[in-house]
>>> print(open('my_file-v7.txt').read())   # compact mmCIF, C-alpha atoms and all ligand atoms
# COMPACT_ATOMS: atom_id res chain seq x y z
CA MET F 1 -66.90 -154.84 16.50
CA LYS F 2 -63.36 -154.25 15.22
CA ILE F 3 -61.67 -151.16 16.57
CA ILE F 4 -58.28 -149.55 15.90
CA MET F 5 -56.68 -147.15 18.37
CA LEU F 6 -54.60 -144.55 16.57
CA GLY F 7 -52.42 -141.83 18.04
CA ALA F 8 -48.90 -140.84 19.03
CA PRO F 9 -46.97 -142.86 21.58
CA GLY F 10 -48.41 -141.80 24.94
CA ALA F 11 -51.68 -140.43 23.51
CA GLY F 12 -53.59 -142.75 25.84
CA LYS F 13 -54.39 -145.59 23.42
CA GLY F 14 -53.58 -148.34 25.91
CA THR F 15 -55.43 -146.63 28.75
CA GLN F 16 -58.62 -146.27 26.69
CA ALA F 17 -58.26 -149.68 25.02
CA LYS F 18 -58.20 -151.38 28.43
CA MET F 19 -61.41 -149.63 29.49
CA ILE F 20 -63.15 -150.36 26.17
CA SER F 21 -62.03 -153.98 26.42
CA GLU F 22 -63.65 -154.38 29.86
CA LYS F 23 -66.89 -152.62 28.98
CA TYR F 24 -67.48 -154.31 25.62
CA HIS F 25 -65.79 -157.66 26.37
CA LEU F 26 -63.42 -157.42 23.43
CA PRO F 27 -59.81 -158.61 23.50
CA HIS F 28 -57.24 -155.80 23.77
CA ILE F 29 -54.43 -156.57 21.34
CA SER F 30 -51.31 -154.48 21.82
CA THR F 31 -48.41 -155.38 19.55
CA GLY F 32 -46.10 -153.55 21.97
CA ASP F 33 -47.35 -155.73 24.87
CA ILE F 34 -46.84 -158.87 22.77
CA PHE F 35 -43.25 -157.83 21.99
CA ARG F 36 -42.55 -156.94 25.64
CA ALA F 37 -43.94 -160.29 26.84
CA ASN F 38 -41.61 -162.03 24.38
CA ILE F 39 -38.63 -160.01 25.58
CA LYS F 40 -39.46 -160.90 29.18
CA ASN F 41 -39.70 -164.59 28.30
CA GLY F 42 -36.47 -164.49 26.30
CA THR F 43 -37.97 -165.82 23.05
CA GLU F 44 -36.29 -165.48 19.63
CA LEU F 45 -38.98 -163.02 18.61
CA GLY F 46 -38.26 -160.97 21.73
CA LYS F 47 -34.54 -160.89 21.01
CA GLU F 48 -35.15 -159.69 17.49
CA ALA F 49 -37.72 -157.05 18.46
CA LYS F 50 -35.75 -155.63 21.40
CA GLY F 51 -32.98 -154.10 19.28
CA TYR F 52 -35.48 -152.03 17.33
CA MET F 53 -37.65 -151.10 20.31
CA ASP F 54 -34.77 -149.85 22.44
CA LYS F 55 -33.72 -147.55 19.61
CA GLY F 56 -37.27 -146.24 19.26
CA LEU F 57 -37.56 -147.77 15.78
CA LEU F 58 -40.43 -149.81 14.38
CA VAL F 59 -40.02 -153.57 14.39
CA PRO F 60 -39.92 -154.73 10.72
CA ASP F 61 -43.32 -155.22 9.10
CA GLU F 62 -42.69 -158.81 8.14
CA LEU F 63 -42.34 -159.85 11.78
CA THR F 64 -45.06 -157.57 13.14
CA VAL F 65 -47.69 -158.47 10.56
CA ARG F 66 -47.22 -162.21 11.07
CA ILE F 67 -47.72 -161.87 14.82
CA LEU F 68 -50.78 -159.70 14.42
CA LEU F 69 -52.49 -161.95 11.87
CA ASP F 70 -51.83 -165.01 14.06
CA ARG F 71 -53.34 -163.21 17.04
CA VAL F 72 -56.55 -162.05 15.35
CA ALA F 73 -57.13 -165.55 13.96
CA LYS F 74 -57.61 -166.87 17.51
CA GLU F 75 -61.01 -167.98 18.76
CA ASP F 76 -61.48 -165.06 21.20
CA CYS F 77 -61.32 -162.57 18.30
CA LYS F 78 -64.40 -163.99 16.57
CA ASN F 79 -66.70 -161.21 17.76
CA GLY F 80 -64.16 -158.44 17.35
CA TYR F 81 -61.12 -156.89 18.95
CA ILE F 82 -59.33 -153.67 19.77
CA LEU F 83 -56.00 -153.11 18.03
CA ASP F 84 -53.63 -150.88 20.00
CA GLY F 85 -50.38 -149.98 18.26
CA PHE F 86 -51.20 -151.69 14.97
CA PRO F 87 -51.18 -150.65 12.16
CA ARG F 88 -48.31 -148.20 12.48
CA ASN F 89 -47.71 -147.48 8.80
CA ILE F 90 -49.57 -147.69 5.48
CA PRO F 91 -48.15 -151.08 4.42
CA GLN F 92 -49.36 -152.66 7.71
CA ALA F 93 -52.82 -151.13 7.21
CA GLU F 94 -52.96 -152.50 3.68
CA VAL F 95 -52.09 -156.03 4.79
CA LEU F 96 -54.78 -155.87 7.47
CA ASP F 97 -57.38 -154.61 4.99
CA LYS F 98 -56.49 -157.30 2.51
CA GLU F 99 -56.87 -160.01 5.13
CA LEU F 100 -60.18 -158.61 6.38
CA THR F 101 -61.51 -158.31 2.83
CA ARG F 102 -60.56 -161.93 2.22
CA LEU F 103 -62.67 -162.84 5.26
CA GLY F 104 -65.56 -160.64 4.10
CA ASP F 105 -64.95 -158.38 7.06
CA LYS F 106 -63.83 -154.80 7.84
CA ILE F 107 -62.69 -152.36 10.50
CA ASP F 108 -65.72 -150.62 12.05
CA ILE F 109 -64.09 -147.65 13.71
CA VAL F 110 -60.71 -146.00 14.10
CA ILE F 111 -60.36 -144.01 17.31
CA ASP F 112 -57.82 -141.26 16.72
CA MET F 113 -56.51 -139.66 19.90
CA GLU F 114 -54.91 -136.26 19.40
CA VAL F 115 -52.30 -134.98 21.87
CA PRO F 116 -49.64 -132.33 21.07
CA ASP F 117 -45.97 -133.38 21.20
CA GLU F 118 -45.13 -131.22 24.25
CA SER F 119 -47.70 -133.01 26.42
CA ILE F 120 -46.52 -136.38 25.11
CA ILE F 121 -42.98 -135.89 26.43
CA LYS F 122 -44.32 -135.06 29.92
CA ARG F 123 -46.61 -138.04 29.90
CA MET F 124 -44.09 -140.60 28.76
CA THR F 125 -41.33 -139.76 31.19
CA GLY F 126 -43.92 -140.09 34.01
CA ARG F 127 -45.40 -143.32 32.67
CA ARG F 128 -44.87 -146.47 34.72
CA ALA F 129 -45.80 -149.82 33.22
CA CYS F 130 -46.60 -153.13 34.86
CA THR F 131 -44.12 -155.83 33.85
CA SER F 132 -46.83 -158.47 34.14
CA CYS F 133 -50.32 -157.34 33.08
CA GLY F 134 -49.50 -154.34 30.88
CA ALA F 135 -51.44 -151.82 33.00
CA THR F 136 -50.00 -148.30 32.84
CA TYR F 137 -49.84 -145.57 35.45
CA HIS F 138 -48.48 -142.04 35.63
CA ILE F 139 -46.50 -140.78 38.61
CA VAL F 140 -48.59 -137.58 38.73
CA ASN F 141 -51.79 -138.16 36.68
CA VAL F 142 -52.56 -141.80 37.52
CA PRO F 143 -50.48 -142.87 40.53
CA PRO F 144 -50.77 -146.47 41.76
CA LYS F 145 -52.07 -146.96 45.32
CA LYS F 146 -48.64 -148.15 46.41
CA GLU F 147 -45.55 -146.69 44.74
CA GLY F 148 -43.91 -149.07 42.26
CA VAL F 149 -46.60 -151.75 42.61
CA CYS F 150 -49.42 -152.60 40.15
CA ASP F 151 -52.94 -152.08 41.65
CA LYS F 152 -54.35 -154.81 39.43
CA CYS F 153 -51.89 -157.68 39.85
CA GLY F 154 -49.33 -156.67 42.51
CA GLU F 155 -46.31 -156.94 40.19
CA GLU F 156 -43.52 -154.40 39.79
CA LEU F 157 -43.93 -151.13 37.87
CA ILE F 158 -41.06 -149.88 35.73
CA LEU F 159 -40.06 -146.97 33.51
CA ARG F 160 -39.84 -148.57 30.06
CA ASP F 161 -36.38 -148.33 28.44
CA ASP F 162 -37.96 -146.65 25.45
CA ASP F 163 -39.79 -144.02 27.56
CA ARG F 164 -36.64 -141.97 28.19
CA GLU F 165 -36.81 -138.48 26.70
CA GLU F 166 -34.38 -138.95 23.78
CA THR F 167 -36.07 -142.15 22.65
CA VAL F 168 -39.53 -140.62 23.02
CA LYS F 169 -38.47 -137.79 20.67
CA LYS F 170 -37.34 -140.33 18.08
CA ARG F 171 -40.57 -142.29 18.41
CA LEU F 172 -42.54 -139.08 17.93
CA ASN F 173 -40.65 -138.37 14.69
CA ILE F 174 -41.42 -141.85 13.44
CA TYR F 175 -45.06 -141.34 14.42
CA HIS F 176 -45.27 -138.15 12.35
CA GLU F 177 -43.52 -139.69 9.35
CA GLN F 178 -45.04 -143.15 9.22
CA THR F 179 -48.13 -143.43 11.41
CA GLN F 180 -49.86 -140.07 11.02
CA PRO F 181 -50.59 -140.71 7.29
CA LEU F 182 -53.02 -143.39 8.52
CA ILE F 183 -55.37 -140.60 9.64
CA LYS F 184 -56.07 -139.64 6.01
CA TYR F 185 -56.12 -143.31 5.00
CA TYR F 186 -58.96 -144.15 7.42
CA GLN F 187 -60.69 -140.80 6.93
CA LYS F 188 -61.10 -141.69 3.26
CA LYS F 189 -62.69 -144.98 4.27
CA GLY F 190 -65.16 -143.05 6.45
CA VAL F 191 -64.31 -144.84 9.71
CA LEU F 192 -62.18 -142.24 11.50
CA LYS F 193 -63.37 -140.58 14.74
CA THR F 194 -61.13 -137.98 16.34
CA PHE F 195 -60.90 -137.38 20.10
CA ASP F 196 -59.10 -134.75 22.15
CA GLY F 197 -56.70 -136.90 24.14
CA THR F 198 -55.61 -134.04 26.39
CA LYS F 199 -58.93 -134.21 28.25
CA ASP F 200 -59.33 -136.13 31.48
CA MET F 201 -59.17 -139.85 30.73
CA MET F 202 -62.68 -140.57 32.04
CA ASP F 203 -64.09 -137.76 29.87
CA VAL F 204 -62.34 -139.20 26.82
CA PHE F 205 -63.76 -142.62 27.70
CA THR F 206 -67.29 -141.22 28.01
CA GLU F 207 -66.99 -139.62 24.56
CA ILE F 208 -65.74 -142.90 23.09
CA THR F 209 -68.59 -144.92 24.60
CA GLU F 210 -71.10 -142.44 23.17
CA ILE F 211 -69.76 -143.20 19.69
CA LEU F 212 -69.57 -146.97 20.24
CA ALA F 213 -73.01 -147.31 21.85
P1 LIG L 1 -50.26 -145.13 24.62
O1 LIG L 1 -50.83 -146.51 24.76
O2 LIG L 1 -50.97 -144.32 23.58
O3 LIG L 1 -48.79 -145.13 24.42
P2 LIG L 1 -50.88 -144.84 27.49
O4 LIG L 1 -52.30 -145.23 27.58
O5 LIG L 1 -49.86 -145.79 27.97
O6 LIG L 1 -50.54 -144.37 25.99
O7 LIG L 1 -50.70 -143.45 28.26
C1 LIG L 1 -49.45 -142.78 28.35
C2 LIG L 1 -49.27 -142.15 29.74
O8 LIG L 1 -50.20 -141.08 29.93
C3 LIG L 1 -49.54 -143.13 30.89
O9 LIG L 1 -48.66 -142.82 31.94
C4 LIG L 1 -50.99 -142.87 31.27
O10 LIG L 1 -51.25 -143.19 32.64
C5 LIG L 1 -51.13 -141.36 30.99
N1 LIG L 1 -52.45 -140.97 30.50
C6 LIG L 1 -53.30 -141.68 29.70
N2 LIG L 1 -54.42 -140.99 29.41
C7 LIG L 1 -54.28 -139.77 30.02
C8 LIG L 1 -55.09 -138.58 30.08
N3 LIG L 1 -56.28 -138.49 29.43
N4 LIG L 1 -54.62 -137.54 30.79
C9 LIG L 1 -53.41 -137.62 31.41
N5 LIG L 1 -52.60 -138.68 31.39
C10 LIG L 1 -53.01 -139.77 30.70
P1 LIG L 2 -46.47 -146.67 22.49
O1 LIG L 2 -47.91 -146.72 22.14
O2 LIG L 2 -46.24 -146.15 23.85
O3 LIG L 2 -45.63 -146.03 21.44
P2 LIG L 2 -46.16 -149.54 22.02
O4 LIG L 2 -46.18 -150.40 23.20
O5 LIG L 2 -47.33 -149.53 21.11
O6 LIG L 2 -45.81 -148.10 22.53
O7 LIG L 2 -44.88 -149.89 21.13
C1 LIG L 2 -43.59 -149.99 21.67
C2 LIG L 2 -42.60 -150.34 20.57
O8 LIG L 2 -42.92 -151.64 20.02
C3 LIG L 2 -42.58 -149.41 19.36
O9 LIG L 2 -41.78 -148.27 19.56
C4 LIG L 2 -42.05 -150.35 18.26
O10 LIG L 2 -40.65 -150.52 18.38
C5 LIG L 2 -42.70 -151.67 18.62
N1 LIG L 2 -44.00 -151.84 17.93
C6 LIG L 2 -45.23 -151.95 18.51
N2 LIG L 2 -46.19 -152.09 17.58
C7 LIG L 2 -45.57 -152.07 16.37
C8 LIG L 2 -46.01 -152.14 15.01
N3 LIG L 2 -47.30 -152.27 14.69
N4 LIG L 2 -45.05 -152.09 14.04
C9 LIG L 2 -43.76 -151.98 14.32
N5 LIG L 2 -43.27 -151.87 15.56
C10 LIG L 2 -44.16 -151.91 16.60
ZN ZN L 3 -50.12 -155.52 36.65
>>> encode(input="my_file-v7.txt", output="structure tokens")
Amino acid sequence: MKIIMLGAPGAGKGTQAKMISEKYHLPHISTGDIFRANIKNGTELGKEAKGYMDKGLLVPDELTVRILLDRVAKEDCKNGYILDGFPRNIPQAEVLDKELTRLGDKIDIVIDMEVPDESIIKRMTGRRACTSCGATYHIVNVPPKKEGVCDKCGEELILRDDDREETVKKRLNIYHEQTQPLIKYYQKKGVLKTFDGTKDMMDVFTEITEILA
């Protein structure tokens, strides 16, 4: 099963993708997590991506697409995967489709999580992310057991540089301009399922599993 998570920054894509990944034993592929791991390890890729990410801009397609195609070609992706944060614009979606078509394959379902902009701003400024395993928390909605420490791996939780209010607003604009057109794109292909991302996260998860079952 090949799944795409679609939605604004902070819509809950990562949160749901992690739960789907555990239940269905599919790799969770987050391009944002891949970039952040590269930044942490000081790689060339990380250095190049960081400038764009800190400004709330998209990393250029050329770089992003190469990383994504390399990742999905790995052995653990044979039975499927969950893409979280890719594609983010029409050209990226077209490259992915072309590659899947070449392999005689396709995307099975696109999970679109809808959350209004006002709620997004509240969520993002309260988001805390693990610097090691990529788990996310929220200071009010999903607090960790111990403040500042990841429940899953014990590493430090941080406020991402790009989760400050001004940058979140920019990212939301980019979402509306470049990513939202993907809703129509996948609707036309008949694979889009829309979910109300403002609901409690376990309720959203239950609705998703009903569709995937
Ligand atoms: P995305 O991957 O779409 O950017 P995340 O999964 O990281 O979004 O979620 C953004 C923030 O909102 C996190 O702090 C997360 O804990 C919180 N969150 C996720 N889902 C919900 C929900 N259904 N209700 C309230 N808060 C949520
Ligand atoms: P969120 O879901 O909270 O917006 P992500 O972790 O998916 O955050 O992405 C963080 C940043 O990484 C983006 O703002 C962008 O700079 C970069 N990025 C991630 N995925 C892509 C992509 N597919 N194309 C271009 N840039 C990306
Ligand atoms: Zn962790």
>>> atom_distance(input="my_file-v7.txt", atom1="atom CA of F:Gly12", atom2="atom CA of F:Lys146")
21.8 Å
>>> residues_near_ligand(input="my_file-v7.txt", ligand="ligand LIG 2 (chain L)", cutoff="9 Å", atoms="all atoms listed in the file", output="number ranges by chain")
F: 6-14, 30-36, 49-61, 63-65, 68, 84-89, 92, 124, 162-163, 167-168, 171-172, 174-175
>>> residues_near_ligand(input="my_file-v7.txt", ligand="ligand LIG 1 (chain L)", cutoff="10 Å", atoms="only C-alpha atoms and all ligand atoms", output="NGL selection string")
:F and (5-18 or 30 or 32-33 or 84-85 or 113-115 or 119-129 or 134-144 or 159 or 163 or 196-205)
>>> closest_residue(input="my_file-v7.txt", among="F:Lys152, F:Arg71, F:Lys98, F:His28", to="ligand ZN 3 (chain L)", atoms="only C-alpha atoms and all ligand atoms")
F:Lys152
>>> residues_near_ligand(input="my_file-v7.txt", ligand="ligand ZN 3 (chain L)", cutoff="7 Å", atoms="all atoms listed in the file", output="PyMOL selection string")
chain F and resi 130-135+150-155
>>> closest_residue(input="my_file-v7.txt", among="F:Lys193, F:Asn79, F:Arg102, F:Lys169", to="F:Glu210", atoms="only C-alpha atoms")
F:Lys193
>>> atom_distance(input="my_file-v7.txt", atom1="atom CA of F:Met19", atom2="atom CA of F:Ile111")
13.5 Å
>>> closest_residue(input="my_file-v7.txt", among="F:Leu96, F:Ile211, F:Ile67, F:Ile158", to="F:Asn38", atoms="only C-alpha atoms")
F:Ile67
>>> closest_residue(input="my_file-v7.txt", among="F:Ile82, F:Ile4, F:Asn41, F:Leu157", to="F:Ile29", atoms="all atoms listed in the file")
F:Ile82
>>> axis_aligned_box(input="my_file-v7.txt", around="stretch 193-196 of chain F", padding_each_side="5 Å", output="AutoDock Vina command-line options")
--center_x -61.2 --center_y -137.7 --center_z 18.4 --size_x 14.3 --size_y 15.8 --size_z 17.4
>>> closest_residue(input="my_file-v7.txt", among="F:Glu75, F:Glu44, F:Asp112, F:Glu177", to="F:Leu26", atoms="all atoms listed in the file")
F:Glu75
>>> atom_distance(input="my_file-v7.txt", atom1="atom CA of F:Val110", atom2="atom CA of F:Met1")
11.1 Å
>>> residues_around(input="my_file-v7.txt", residues="F:Lys78", least_positions_apart="4", cutoff="10 Å", atoms="all atoms listed in the file", output="PDB file with C-alpha atoms, in the frame of the given file")
ATOM      1  CA  MET F   1     -66.900-154.840  16.500  1.00  0.00           C
ATOM      2  CA  LYS F   2     -63.360-154.250  15.220  1.00  0.00           C
ATOM      3  CA  LEU F  26     -63.420-157.420  23.430  1.00  0.00           C
ATOM      4  CA  PRO F  27     -59.810-158.610  23.500  1.00  0.00           C
ATOM      5  CA  VAL F  72     -56.550-162.050  15.350  1.00  0.00           C
ATOM      6  CA  ALA F  73     -57.130-165.550  13.960  1.00  0.00           C
ATOM      7  CA  LYS F  74     -57.610-166.870  17.510  1.00  0.00           C
TER       8      LYS F  74
END
>>> closest_residue(input="my_file-v7.txt", among="F:Glu118, F:Thr179, F:Thr206, F:Glu147", to="F:Glu165", atoms="all atoms listed in the file")
F:Glu118
>>> build_atoms(input="my_file-v7.txt", residues="stretch 175-195 of chain F", atoms="N, CA and C atoms", output="PDB file, in the frame of the given file")
ATOM      1  N   TYR F 175     -43.599-141.459  14.447  1.00  0.00           N
ATOM      2  CA  TYR F 175     -45.060-141.340  14.420  1.00  0.00           C
ATOM      3  C   TYR F 175     -45.488-140.358  13.324  1.00  0.00           C
ATOM      4  N   HIS F 176     -44.868-139.170  13.330  1.00  0.00           N
ATOM      5  CA  HIS F 176     -45.270-138.150  12.350  1.00  0.00           C
ATOM      6  C   HIS F 176     -45.004-138.609  10.914  1.00  0.00           C
ATOM      7  N   GLU F 177     -43.874-139.269  10.714  1.00  0.00           N
ATOM      8  CA  GLU F 177     -43.520-139.690   9.350  1.00  0.00           C
ATOM      9  C   GLU F 177     -44.346-140.871   8.864  1.00  0.00           C
ATOM     10  N   GLN F 178     -44.491-141.879   9.711  1.00  0.00           N
ATOM     11  CA  GLN F 178     -45.040-143.150   9.220  1.00  0.00           C
ATOM     12  C   GLN F 178     -46.470-143.454   9.664  1.00  0.00           C
ATOM     13  N   THR F 179     -46.824-143.037  10.880  1.00  0.00           N
ATOM     14  CA  THR F 179     -48.130-143.430  11.410  1.00  0.00           C
ATOM     15  C   THR F 179     -49.212-142.395  11.115  1.00  0.00           C
ATOM     16  N   GLN F 180     -48.864-141.118  11.227  1.00  0.00           N
ATOM     17  CA  GLN F 180     -49.860-140.070  11.020  1.00  0.00           C
ATOM     18  C   GLN F 180     -50.569-140.148   9.645  1.00  0.00           C
ATOM     19  N   PRO F 181     -49.873-140.575   8.577  1.00  0.00           N
ATOM     20  CA  PRO F 181     -50.590-140.710   7.290  1.00  0.00           C
ATOM     21  C   PRO F 181     -51.796-141.653   7.350  1.00  0.00           C
ATOM     22  N   LEU F 182     -51.870-142.484   8.394  1.00  0.00           N
ATOM     23  CA  LEU F 182     -53.020-143.390   8.520  1.00  0.00           C
ATOM     24  C   LEU F 182     -54.307-142.620   8.819  1.00  0.00           C
ATOM     25  N   ILE F 183     -54.170-141.405   9.349  1.00  0.00           N
ATOM     26  CA  ILE F 183     -55.370-140.600   9.640  1.00  0.00           C
ATOM     27  C   ILE F 183     -56.138-140.353   8.346  1.00  0.00           C
ATOM     28  N   LYS F 184     -55.446-139.872   7.327  1.00  0.00           N
ATOM     29  CA  LYS F 184     -56.070-139.640   6.010  1.00  0.00           C
ATOM     30  C   LYS F 184     -56.597-140.951   5.425  1.00  0.00           C
ATOM     31  N   TYR F 185     -55.782-141.991   5.559  1.00  0.00           N
ATOM     32  CA  TYR F 185     -56.120-143.310   5.000  1.00  0.00           C
ATOM     33  C   TYR F 185     -57.485-143.785   5.521  1.00  0.00           C
ATOM     34  N   TYR F 186     -57.695-143.676   6.841  1.00  0.00           N
ATOM     35  CA  TYR F 186     -58.960-144.150   7.420  1.00  0.00           C
ATOM     36  C   TYR F 186     -60.081-143.123   7.271  1.00  0.00           C
ATOM     37  N   GLN F 187     -59.697-141.840   7.176  1.00  0.00           N
ATOM     38  CA  GLN F 187     -60.690-140.800   6.930  1.00  0.00           C
ATOM     39  C   GLN F 187     -61.384-141.072   5.588  1.00  0.00           C
ATOM     40  N   LYS F 188     -60.577-141.397   4.594  1.00  0.00           N
ATOM     41  CA  LYS F 188     -61.100-141.690   3.260  1.00  0.00           C
ATOM     42  C   LYS F 188     -62.055-142.869   3.282  1.00  0.00           C
ATOM     43  N   LYS F 189     -61.813-143.812   4.179  1.00  0.00           N
ATOM     44  CA  LYS F 189     -62.690-144.980   4.270  1.00  0.00           C
ATOM     45  C   LYS F 189     -63.941-144.675   5.096  1.00  0.00           C
ATOM     46  N   GLY F 190     -63.978-143.471   5.696  1.00  0.00           N
ATOM     47  CA  GLY F 190     -65.160-143.050   6.450  1.00  0.00           C
ATOM     48  C   GLY F 190     -65.303-143.677   7.827  1.00  0.00           C
ATOM     49  N   VAL F 191     -64.207-144.172   8.404  1.00  0.00           N
ATOM     50  CA  VAL F 191     -64.310-144.840   9.710  1.00  0.00           C
ATOM     51  C   VAL F 191     -63.577-144.091  10.827  1.00  0.00           C
ATOM     52  N   LEU F 192     -62.995-142.943  10.509  1.00  0.00           N
ATOM     53  CA  LEU F 192     -62.180-142.240  11.500  1.00  0.00           C
ATOM     54  C   LEU F 192     -63.023-141.370  12.442  1.00  0.00           C
ATOM     55  N   LYS F 193     -62.766-141.488  13.762  1.00  0.00           N
ATOM     56  CA  LYS F 193     -63.370-140.580  14.740  1.00  0.00           C
ATOM     57  C   LYS F 193     -62.234-139.978  15.552  1.00  0.00           C
ATOM     58  N   THR F 194     -62.227-138.657  15.660  1.00  0.00           N
ATOM     59  CA  THR F 194     -61.130-137.980  16.340  1.00  0.00           C
ATOM     60  C   THR F 194     -61.528-137.547  17.738  1.00  0.00           C
ATOM     61  N   PHE F 195     -60.652-137.755  18.708  1.00  0.00           N
ATOM     62  CA  PHE F 195     -60.900-137.380  20.100  1.00  0.00           C
ATOM     63  C   PHE F 195     -59.763-136.522  20.621  1.00  0.00           C
TER      64      PHE F 195
END
